>>> print(open('protein12.cif').read())   # mmCIF, C-alpha atoms
data_model
#
loop_
_atom_site.label_atom_id
_atom_site.label_comp_id
_atom_site.auth_asym_id
_atom_site.auth_seq_id
_atom_site.Cartn_x
_atom_site.Cartn_y
_atom_site.Cartn_z
CA MET A 1 10.57 24.62 -4.90
CA THR A 2 7.13 23.82 -6.36
CA PRO A 3 5.36 20.61 -5.27
CA ALA A 4 6.02 19.10 -8.71
CA ALA A 5 9.71 20.03 -8.61
CA LEU A 6 10.08 18.62 -5.11
CA ALA A 7 8.39 15.37 -6.08
CA LYS A 8 10.64 14.97 -9.13
CA HIS A 9 13.71 15.63 -6.98
CA LEU A 10 12.61 13.05 -4.40
CA PHE A 11 11.89 10.55 -7.14
CA ALA A 12 15.29 11.08 -8.78
CA THR A 13 17.29 10.77 -5.55
CA TYR A 14 15.27 8.06 -3.83
CA GLU A 15 17.85 5.28 -4.17
CA GLN A 16 20.18 7.23 -1.87
CA TYR A 17 17.73 6.84 1.03
CA LYS A 18 16.22 3.45 0.31
CA LEU A 19 17.14 0.93 3.00
CA HIS A 20 17.86 -1.82 0.52
CA TYR A 21 18.28 -4.65 3.01
CA LEU A 22 14.71 -4.13 4.21
CA THR A 23 12.39 -6.02 1.85
CA PRO A 24 8.92 -7.53 2.13
CA ALA A 25 10.58 -10.77 3.27
CA THR A 26 12.62 -9.02 6.01
CA CYS A 27 9.87 -6.62 7.12
CA LYS A 28 9.49 -8.19 10.55
CA HIS A 29 9.47 -6.71 14.03
CA GLU A 30 13.13 -7.22 14.96
CA PRO A 31 14.77 -5.83 11.79
CA ILE A 32 12.44 -2.83 11.82
CA LEU A 33 13.05 -2.18 15.54
CA LEU A 34 16.85 -2.42 15.18
CA GLU A 35 16.82 -0.05 12.20
CA LEU A 36 14.62 2.45 14.05
CA LEU A 37 17.00 2.44 17.01
CA GLU A 38 19.92 3.03 14.67
CA LEU A 39 18.21 5.87 12.82
CA VAL A 40 17.14 7.62 16.02
CA SER A 41 20.67 7.35 17.43
CA ARG A 42 22.07 8.99 14.27
CA SER A 43 19.52 11.78 14.26
CA LYS A 44 21.34 13.92 16.87
CA LYS A 45 18.20 13.97 19.00
CA ARG A 46 16.08 15.45 16.20
CA LEU A 47 14.06 12.23 16.14
CA SER A 48 12.79 10.28 19.12
CA MET A 49 11.23 6.88 19.68
CA GLN A 50 8.67 5.86 22.28
CA GLU A 51 7.21 2.44 22.97
CA LEU A 52 3.44 2.88 22.97
CA GLY A 53 2.75 -0.62 24.24
CA THR A 54 3.02 -4.20 23.12
CA SER A 55 1.11 -6.53 20.85
CA LEU A 56 -0.80 -9.54 22.13
CA GLU A 57 2.39 -11.62 21.88
CA GLY A 58 4.56 -8.98 23.55
CA ARG A 59 6.23 -7.27 20.57
CA SER A 60 6.76 -3.54 21.00
CA ILE A 61 4.70 -1.05 18.99
CA ASN A 62 6.73 2.11 18.57
CA LEU A 63 6.15 5.75 17.75
CA ILE A 64 8.74 7.85 15.92
CA THR A 65 8.49 11.61 16.37
CA ALA A 66 10.06 14.32 14.23
CA GLY A 67 9.40 18.04 14.10
CA ARG A 68 8.33 20.73 16.50
CA GLY A 69 5.32 22.32 14.83
CA SER A 70 1.86 22.87 16.23
CA LYS A 71 0.15 20.90 13.44
CA HIS A 72 0.27 17.21 14.36
CA VAL A 73 0.28 14.55 11.62
CA LEU A 74 -0.13 10.86 12.49
CA LEU A 75 0.92 8.10 10.08
CA TRP A 76 0.33 4.42 10.75
CA SER A 77 1.16 1.37 8.68
CA GLN A 78 0.88 -2.42 8.65
CA MET A 79 -2.20 -2.76 10.80
CA HIS A 80 -2.55 -5.71 8.44
CA GLY A 81 0.53 -7.84 8.91
CA ASP A 82 0.80 -8.91 5.28
CA GLU A 83 0.89 -5.33 3.96
CA PRO A 84 4.51 -4.15 4.29
CA THR A 85 4.95 -1.71 1.38
CA ALA A 86 4.21 1.51 3.23
CA THR A 87 6.17 0.35 6.29
CA LEU A 88 9.24 0.06 4.08
CA ALA A 89 8.55 3.47 2.54
CA LEU A 90 8.21 5.02 6.01
CA MET A 91 11.57 3.56 6.99
CA ASP A 92 13.08 5.13 3.86
CA MET A 93 11.41 8.43 4.75
CA ILE A 94 12.79 8.36 8.30
CA ASN A 95 16.24 7.66 6.85
CA PHE A 96 15.78 10.68 4.56
CA LEU A 97 14.88 12.91 7.51
CA VAL A 98 17.98 11.78 9.39
CA HIS A 99 20.17 12.82 6.45
CA HIS A 100 18.39 16.07 5.58
CA GLN A 101 17.29 17.73 8.81
CA GLU A 102 19.31 20.84 8.01
CA GLU A 103 18.08 21.24 4.43
CA LYS A 104 16.04 24.43 4.16
CA TRP A 105 12.70 22.99 3.09
CA VAL A 106 12.98 20.07 5.53
CA ASN A 107 13.83 22.37 8.42
CA GLU A 108 10.94 24.64 7.54
CA MET A 109 8.58 21.66 7.32
CA LEU A 110 9.69 20.35 10.71
CA SER A 111 9.14 23.81 12.19
CA ASP A 112 5.53 23.85 11.06
CA ILE A 113 4.42 20.27 11.72
CA SER A 114 5.13 17.47 14.14
CA ILE A 115 5.28 14.04 12.49
CA TYR A 116 4.17 11.02 14.51
CA CYS A 117 4.78 7.72 12.78
CA ILE A 118 3.84 4.16 13.80
CA PRO A 119 5.63 2.06 11.17
CA MET A 120 4.35 -1.36 12.27
CA LEU A 121 1.06 -1.55 14.13
CA ASN A 122 0.54 -5.33 13.89
CA PRO A 123 3.95 -6.93 14.52
CA ASP A 124 2.43 -10.33 15.31
CA GLY A 125 0.72 -10.43 11.94
CA ALA A 126 3.91 -9.21 10.27
CA GLU A 127 5.81 -12.09 11.85
CA ARG A 128 3.39 -14.60 10.32
CA VAL A 129 2.80 -12.62 7.10
CA GLU A 130 -0.89 -12.66 7.95
CA ARG A 131 -3.51 -9.95 7.75
CA ARG A 132 -5.04 -10.37 11.20
CA THR A 133 -3.63 -10.00 14.69
CA ALA A 134 -2.49 -12.96 16.79
CA ALA A 135 -6.04 -13.09 18.19
CA GLY A 136 -7.40 -13.67 14.68
CA ILE A 137 -9.11 -10.27 14.61
CA ASP A 138 -8.91 -7.72 11.81
CA MET A 139 -7.87 -4.67 13.81
CA ASN A 140 -9.20 -2.40 11.08
CA ARG A 141 -12.65 -3.52 12.17
CA ASP A 142 -11.88 -2.85 15.83
CA ALA A 143 -12.03 0.95 16.03
CA ILE A 144 -15.22 0.88 18.12
CA ALA A 145 -15.00 -2.28 20.24
CA LEU A 146 -11.23 -1.88 20.83
CA VAL A 147 -10.83 -5.48 21.97
CA THR A 148 -7.29 -5.87 20.63
CA PRO A 149 -4.31 -4.26 22.36
CA GLU A 150 -3.09 -3.01 18.98
CA ALA A 151 -6.33 -1.12 18.30
CA ARG A 152 -6.30 0.38 21.79
CA ILE A 153 -2.74 1.58 21.25
CA LEU A 154 -3.73 3.40 18.05
CA ARG A 155 -6.85 4.91 19.63
CA ASP A 156 -4.89 6.07 22.70
CA ALA A 157 -2.21 7.63 20.49
CA HIS A 158 -4.90 9.50 18.57
CA ARG A 159 -6.51 10.81 21.74
CA ARG A 160 -3.19 11.98 23.13
CA LEU A 161 -1.70 13.48 19.97
CA LYS A 162 -4.89 15.02 18.54
CA PRO A 163 -3.59 14.94 14.95
CA VAL A 164 -4.97 17.41 12.42
CA PHE A 165 -4.11 14.99 9.59
CA GLY A 166 -3.84 11.22 9.51
CA PHE A 167 -2.38 8.85 6.92
CA ASN A 168 -3.81 5.33 6.89
CA LEU A 169 -1.35 3.20 4.90
CA HIS A 170 -2.21 -0.18 3.35
CA ASP A 171 -1.63 -2.62 0.51
CA GLN A 172 -4.59 -3.49 -1.69
CA GLU A 173 -5.64 -6.41 -3.84
CA LEU A 174 -4.69 -6.46 -7.51
CA SER A 175 -6.98 -3.94 -9.23
CA SER A 176 -7.44 -2.09 -12.48
CA VAL A 177 -8.16 1.61 -13.00
CA GLY A 178 -11.88 1.60 -13.71
CA ASN A 179 -12.74 -0.60 -16.69
CA SER A 180 -9.37 -0.05 -18.31
CA LYS A 181 -6.57 -2.57 -18.69
CA GLU A 182 -4.25 -0.35 -16.61
CA VAL A 183 -3.15 -1.71 -13.24
CA THR A 184 -3.78 0.48 -10.19
CA ALA A 185 -0.44 1.56 -8.73
CA ILE A 186 -1.88 3.72 -5.95
CA ALA A 187 -5.47 4.11 -4.79
CA LEU A 188 -6.44 7.15 -2.72
CA LEU A 189 -9.40 7.88 -0.50
CA ALA A 190 -10.62 10.53 1.90
CA PRO A 191 -12.88 8.10 3.82
CA ALA A 192 -16.51 8.86 4.51
CA LEU A 193 -17.49 9.69 8.06
CA ASP A 194 -21.16 8.77 7.71
CA GLU A 195 -23.50 6.85 5.43
CA ASN A 196 -24.51 10.07 3.64
CA HIS A 197 -20.90 10.78 2.60
CA THR A 198 -21.12 14.33 3.89
CA LYS A 199 -18.18 16.64 3.29
CA PRO A 200 -17.44 18.81 6.33
CA ILE A 201 -14.31 20.93 6.25
CA GLY A 202 -12.13 18.19 7.75
CA ARG A 203 -12.96 15.70 5.03
CA LEU A 204 -12.59 18.39 2.35
CA ARG A 205 -9.07 19.04 3.64
CA ALA A 206 -8.31 15.35 3.27
CA MET A 207 -9.72 15.40 -0.27
CA ARG A 208 -7.47 18.34 -1.13
CA VAL A 209 -4.42 16.41 0.06
CA GLY A 210 -5.68 13.51 -2.02
CA ALA A 211 -5.89 15.87 -5.00
CA LEU A 212 -2.31 17.00 -4.40
CA LEU A 213 -1.17 13.38 -4.28
CA ALA A 214 -3.06 12.54 -7.47
CA ARG A 215 -1.51 15.48 -9.29
CA THR A 216 1.96 14.70 -7.92
CA LEU A 217 1.98 10.97 -8.62
CA ASP A 218 0.58 11.45 -12.11
CA HIS A 219 4.09 12.54 -13.16
CA PHE A 220 5.37 9.02 -12.44
CA ALA A 221 2.35 6.73 -12.83
CA GLU A 222 0.04 8.47 -15.27
CA GLY A 223 -3.13 6.49 -15.84
CA HIS A 224 -2.41 4.17 -12.91
CA LEU A 225 -4.12 6.07 -10.07
CA ALA A 226 -7.58 5.26 -8.74
CA THR A 227 -9.88 5.76 -5.78
CA TYR A 228 -10.55 3.09 -3.18
CA ASP A 229 -14.07 1.93 -2.33
CA ASP A 230 -15.69 4.63 -0.18
CA THR A 231 -18.39 2.50 1.42
CA PHE A 232 -18.79 3.79 4.96
CA GLU A 233 -17.47 1.33 7.56
CA PRO A 234 -17.87 2.71 11.11
CA ARG A 235 -15.61 -0.01 12.60
CA ALA A 236 -12.66 1.00 10.39
CA PHE A 237 -10.02 3.37 11.71
CA GLY A 238 -9.90 5.61 8.64
CA ASP A 239 -13.64 6.30 8.72
CA SER A 240 -13.58 6.66 12.49
CA MET A 241 -10.68 9.10 12.53
CA GLN A 242 -12.45 11.19 9.91
CA LEU A 243 -15.44 11.24 12.28
CA TRP A 244 -13.18 12.08 15.24
CA GLY A 245 -12.06 15.26 13.46
CA THR A 246 -8.75 14.15 11.90
CA SER A 247 -8.50 14.80 8.16
CA THR A 248 -7.64 11.28 7.09
CA ILE A 249 -6.13 10.10 3.82
CA LEU A 250 -6.02 6.43 2.87
CA ILE A 251 -3.12 5.41 0.61
CA GLU A 252 -3.47 1.89 -0.79
CA SER A 253 -0.32 0.44 -2.36
CA GLY A 254 -1.24 -1.37 -5.54
CA HIS A 255 0.88 -3.20 -8.09
CA TRP A 256 3.19 -2.68 -11.05
CA PRO A 257 4.18 -4.93 -13.95
CA ASN A 258 7.13 -7.26 -13.33
CA ASP A 259 7.62 -5.93 -9.79
CA ARG A 260 6.36 -8.57 -7.35
CA ASP A 261 8.22 -7.00 -4.40
CA LYS A 262 6.66 -3.59 -5.18
CA HIS A 263 9.92 -1.61 -5.35
CA PHE A 264 8.31 1.00 -7.59
CA ILE A 265 5.18 1.26 -5.43
CA ARG A 266 7.39 1.70 -2.36
CA LYS A 267 9.14 4.55 -4.17
CA LEU A 268 5.80 6.19 -5.02
CA ASN A 269 4.82 6.00 -1.34
CA PHE A 270 8.08 7.70 -0.32
CA VAL A 271 7.49 10.54 -2.78
CA ALA A 272 3.81 10.83 -1.92
CA ILE A 273 4.22 10.95 1.85
CA LEU A 274 7.02 13.52 1.89
CA SER A 275 5.21 15.66 -0.70
CA ALA A 276 2.02 15.53 1.35
CA LEU A 277 3.79 16.39 4.60
CA ARG A 278 5.45 19.40 3.05
CA SER A 279 2.15 20.58 1.54
CA ILE A 280 0.43 20.29 4.94
CA ALA A 281 3.27 22.25 6.56
CA ASN A 282 3.12 25.18 4.14
CA GLY A 283 -0.57 24.93 3.28
CA SER A 284 0.00 24.48 -0.45
CA TYR A 285 -2.46 21.55 -0.63
CA GLN A 286 -5.24 24.15 -0.32
CA ASP A 287 -4.39 25.49 -3.77
CA VAL A 288 -4.96 22.20 -5.58
CA ASP A 289 -8.12 21.77 -7.64
CA LEU A 290 -10.35 19.09 -6.13
CA ASP A 291 -10.96 17.73 -9.63
CA TYR A 292 -7.60 15.95 -9.48
CA TYR A 293 -9.15 13.77 -6.78
CA THR A 294 -12.82 13.63 -7.78
CA ASN A 295 -12.01 12.73 -11.40
CA LEU A 296 -10.05 9.62 -10.44
CA LYS A 297 -11.67 6.39 -11.59
CA PRO A 298 -12.53 3.77 -8.98
CA ASN A 299 -10.69 0.50 -8.48
CA ALA A 300 -12.03 -2.37 -10.56
CA LYS A 301 -11.09 -6.04 -11.05
CA TRP A 302 -10.02 -6.41 -14.69
CA MET A 303 -6.54 -7.71 -13.86
CA PHE A 304 -4.76 -11.01 -13.34
CA ASP A 305 -1.29 -11.51 -11.94
CA ILE A 306 -0.47 -13.56 -15.04
CA LEU A 307 -2.47 -13.81 -18.26
CA ILE A 308 -1.57 -16.56 -20.70
CA LYS A 309 -3.15 -15.69 -24.05
CA ASP A 310 -4.14 -18.00 -26.86
CA ILE A 311 -3.65 -21.59 -25.82
CA VAL A 312 -5.72 -24.39 -27.34
CA LEU A 313 -8.02 -26.24 -24.97
CA ASP A 314 -8.74 -29.86 -25.86
CA HIS A 315 -11.59 -32.00 -24.61
CA GLY A 316 -11.54 -35.78 -24.82
CA ASN A 317 -14.57 -35.96 -27.15
CA GLY A 318 -12.74 -34.15 -29.92
CA TRP A 319 -13.82 -30.59 -29.10
CA SER A 320 -11.02 -27.98 -29.02
CA HIS A 321 -10.91 -24.21 -29.04
CA SER A 322 -8.58 -21.29 -28.34
CA ALA A 323 -8.72 -19.91 -24.79
CA ASP A 324 -6.88 -17.69 -22.32
CA ILE A 325 -5.82 -18.56 -18.77
CA GLY A 326 -6.11 -15.98 -15.98
CA LEU A 327 -3.83 -16.75 -13.03
CA THR A 328 -3.54 -15.21 -9.59
CA ILE A 329 -0.68 -15.47 -7.08
CA ASP A 330 -2.14 -15.90 -3.59
CA PRO A 331 0.29 -14.62 -0.93
CA LEU A 332 -0.89 -17.24 1.57
CA LEU A 333 -0.16 -20.11 -0.82
CA ASN A 334 3.25 -18.62 -1.57
CA LYS A 335 4.27 -17.76 2.00
CA ASN A 336 6.44 -20.84 2.50
CA SER A 337 6.61 -22.15 -1.05
CA PRO A 338 10.05 -22.51 -2.71
CA SER A 339 8.48 -21.87 -6.12
CA VAL A 340 5.65 -19.67 -7.35
CA VAL A 341 2.20 -21.22 -6.87
CA VAL A 342 -0.58 -19.95 -9.12
CA THR A 343 -4.34 -20.35 -8.94
CA ILE A 344 -6.48 -20.61 -12.06
CA LYS A 345 -8.92 -17.75 -11.64
CA ASP A 346 -10.64 -17.88 -15.01
CA LEU A 347 -10.49 -19.67 -18.33
CA GLY A 348 -11.89 -18.81 -21.76
CA ASP A 349 -12.18 -15.57 -23.73
CA LEU A 350 -10.40 -13.07 -21.45
CA ARG A 351 -9.84 -10.33 -24.02
CA THR A 352 -11.32 -7.66 -21.72
CA TYR A 353 -8.71 -8.40 -19.02
CA ALA A 354 -5.03 -7.57 -18.70
CA GLY A 355 -2.20 -9.16 -16.77
CA LEU A 356 0.58 -7.77 -14.68
CA GLU A 357 2.55 -10.24 -16.76
CA ASN A 358 1.28 -11.28 -20.18
CA ILE A 359 2.49 -14.45 -21.86
CA GLY A 360 1.73 -15.58 -25.38
CA GLY A 361 0.38 -19.11 -25.42
CA SER A 362 1.53 -19.77 -29.00
CA LYS A 363 -1.46 -22.10 -29.50
CA ARG A 364 0.09 -24.73 -27.21
CA ARG A 365 -2.44 -27.50 -26.60
CA ILE A 366 -3.58 -28.70 -23.19
CA SER A 367 -6.37 -30.95 -21.99
CA SER A 368 -9.31 -29.18 -20.35
CA SER A 369 -9.11 -31.78 -17.56
CA GLU A 370 -5.79 -30.19 -16.47
CA LEU A 371 -7.22 -26.69 -16.10
CA ARG A 372 -9.85 -26.41 -13.41
CA VAL A 373 -10.91 -22.96 -12.25
CA GLY A 374 -9.99 -22.60 -8.56
CA ALA A 375 -7.21 -25.19 -8.70
CA SER A 376 -3.69 -24.23 -7.60
CA ARG A 377 -0.37 -25.65 -8.76
CA PRO A 378 3.28 -24.62 -9.08
CA PHE A 379 3.65 -22.23 -12.00
CA HIS A 380 6.59 -24.16 -13.43
CA GLU A 381 4.45 -27.32 -13.65
CA LEU A 382 1.85 -25.51 -15.74
CA LEU A 383 4.56 -24.07 -17.98
CA ASP A 384 6.17 -27.48 -18.35
CA ARG A 385 2.85 -28.92 -19.41
CA LEU A 386 2.50 -26.14 -22.00
CA GLN A 387 6.18 -26.59 -22.99
CA MET A 388 6.85 -22.91 -22.32
CA TYR A 389 9.69 -21.06 -20.61
CA HIS A 390 9.25 -18.12 -18.24
CA PRO A 391 12.13 -16.58 -16.22
CA HIS A 392 10.05 -15.93 -13.08
CA SER A 393 8.49 -19.33 -12.67
#
>>> encode(input="protein12.cif", output="structure tokens")
Amino acid sequence: MTPAALAKHLFATYEQYKLHYLTPATCKHEPILLELLELVSRSKKRLSMQELGTSLEGRSINLITAGRGSKHVLLWSQMHGDEPTATLALMDMINFLVHHQEEKWVNEMLSDISIYCIPMLNPDGAERVERRTAAGIDMNRDAIALVTPEARILRDAHRRLKPVFGFNLHDQELSSVGNSKEVTAIALLAPALDENHTKPIGRLRAMRVGALLARTLDHFAEGHLATYDDTFEPRAFGDSMQLWGTSTILIESGHWPNDRDKHFIRKLNFVAILSALRSIANGSYQDVDLDYYTNLKPNAKWMFDILIKDIVLDHGNGWSHSADIGLTIDPLLNKNSPSVVVTIKDLGDLRTYAGLENIGGSKRRISSSELRVGASRPFHELLDRLQMYHPHS
């Protein structure tokens, strides 16, 4: 089966392996741990689980192992506690492996590689739906100092496992593909290992896997793939692992229209990770033209979560003019909110921007005193003021 055919098959059958009860809202330590225990118990000893250590607040950080090959691949997710998309995709992938261990291509893959997966590296942050660890430290800036127990666990796992490839899995901010009005669904990066952005063989291998992913995902999200910022950051784990000799690929989960829980992005992760693992096992990533990676446009910021077009802005002195409202949905403001809270990011002529959701303003009038850039309010209150209806408010 060609890489493209495999990816299309995985995409078409994904719903069979998706663990539907696991969502961004339920992606916490206990549900993930209980599901991992269940999956390992059903794997007939083909999968194993090991506790690598505990977080600052005592929650276990666990490693799932599958395969028996000499090439070691390490995947880690949710080092930022508010970035659950890839964790959910990894759980779906593990469920797939439990069901398909005997399938020919899966068996061959697991003969050639050993998969080591840390689905949730920052369980304390996941519990709070916060980026940083319980100590308030961004562990992705702790690869050198190693002051957090979570960072030490990842570094120790790397030293012990000596992975040839690594997958650094994150969620990213809302972004556009270059200067287009297309939202970035997935951003890829083979991180730099020095300020000169040199390309030794290890980084080139990572770039080739990135090229395979770009070519593969283009079947499902054409025009919605980008590259992540490649500024060298020596304190970050992706850059450090590249320097330590592990060919490292960053996958940043982006966004998709009308999909606030990122179901489609989760599905793309599932397809991407399994496709990449198989290509590493059989070496097929080496046949992919690097142009698929190097020609990707970089992330840019020409997107709003919601764009309300063509309202009429009134000022008390008689001035009025048409305008657009660019709104963002801040996860922190919405963490415990019963209704969607939006922040006014920009106001005026926003014709060069796009929205994940676009709403026609129908020339509804509103006082400029009610729209202050930087102010936050429940979305339904803004819609009420504009006398507009929206099903997701």
>>> closest_residue(input="protein12.cif", among="A:Pro123, A:Asn269, A:Trp76, A:Lys199", to="Arg155 (chain A)", atoms="only C-alpha atoms")
A:Trp76
>>> residues_around(input="protein12.cif", residues="Ile366 (chain A)", least_positions_apart="2", cutoff="12 Å", atoms="all atoms listed in the file", output="PyMOL selection string")
chain A and resi 310-316+319-325+361-364+368-372+382-388
>>> residues_around(input="protein12.cif", residues="Phe11 (chain A)", least_positions_apart="4", cutoff="10 Å", atoms="only C-alpha atoms", output="list in words")
Ala5, Leu6, Ala7, Glu15, Phe220, Lys267, Leu268, Phe270, Val271 and Ala272 of chain A
>>> closest_residue(input="protein12.cif", among="A:Ile251, A:Leu47, A:Ile306, A:Leu56", to="Gly136 (chain A)", atoms="only C-alpha atoms")
A:Leu56
>>> resolve_selection(input="protein12.cif", expression="the PyMOL selection byres ((chain A and resi 21-28) around 6)", output="PDB file with C-alpha atoms, in the coordinates of the input")
ATOM      1  CA  LEU A  19      17.140   0.930   3.000  1.00  0.00           C
ATOM      2  CA  HIS A  20      17.860  -1.820   0.520  1.00  0.00           C
ATOM      3  CA  HIS A  29       9.470  -6.710  14.030  1.00  0.00           C
ATOM      4  CA  GLU A  30      13.130  -7.220  14.960  1.00  0.00           C
ATOM      5  CA  PRO A  31      14.770  -5.830  11.790  1.00  0.00           C
ATOM      6  CA  PRO A  84       4.510  -4.150   4.290  1.00  0.00           C
ATOM      7  CA  ALA A 126       3.910  -9.210  10.270  1.00  0.00           C
ATOM      8  CA  GLU A 127       5.810 -12.090  11.850  1.00  0.00           C
TER       9      GLU A 127
END
>>> atom_distance(input="protein12.cif", atom1="CA of Cys117 (chain A)", atom2="CA of Thr231 (chain A)")
26.3 Å
>>> resolve_selection(input="protein12.cif", expression="the PyMOL selection byres ((chain A and resi 58-64) around 10)", output="ChimeraX atom specification")
/A:29-30,33,36-37,40,47-57,65-66,74-76,94,115-124,127,150,153-154,157
>>> atom_distance(input="protein12.cif", atom1="CA of Leu217 (chain A)", atom2="CA of Lys71 (chain A)")
24.3 Å
>>> closest_residue(input="protein12.cif", among="A:Ala12, A:Ala276, A:Ala151, A:Ala206", to="Leu250 (chain A)", atoms="only C-alpha atoms")
A:Ala206
>>> resolve_selection(input="protein12.cif", expression="the PyMOL selection byres ((chain A and resi 347) around 8)", output="JSON, numbers by chain")
{"A": [323, 324, 325, 326, 344, 345, 346, 348, 349, 350, 373]}
>>> atom_distance(input="protein12.cif", atom1="CA of Ala226 (chain A)", atom2="CA of Lys309 (chain A)")
26.3 Å
>>> closest_residue(input="protein12.cif", among="A:Leu188, A:Leu333, A:Leu274, A:Leu327", to="Tyr292 (chain A)", atoms="all atoms listed in the file")
A:Leu188
>>> closest_residue(input="protein12.cif", among="A:Phe264, A:Ala221, A:Ser176, A:Ala192", to="Asp305 (chain A)", atoms="all atoms listed in the file")
A:Ser176
>>> closest_residue(input="protein12.cif", among="A:Arg203, A:His170, A:Arg141, A:Lys301", to="Pro234 (chain A)", atoms="all atoms listed in the file")
A:Arg141
>>> residues_around(input="protein12.cif", residues="Arg266 (chain A)", least_positions_apart="6", cutoff="10 Å", atoms="all atoms listed in the file", output="PyMOL selection string")
chain A and resi 18+84-90+92+253-255+272
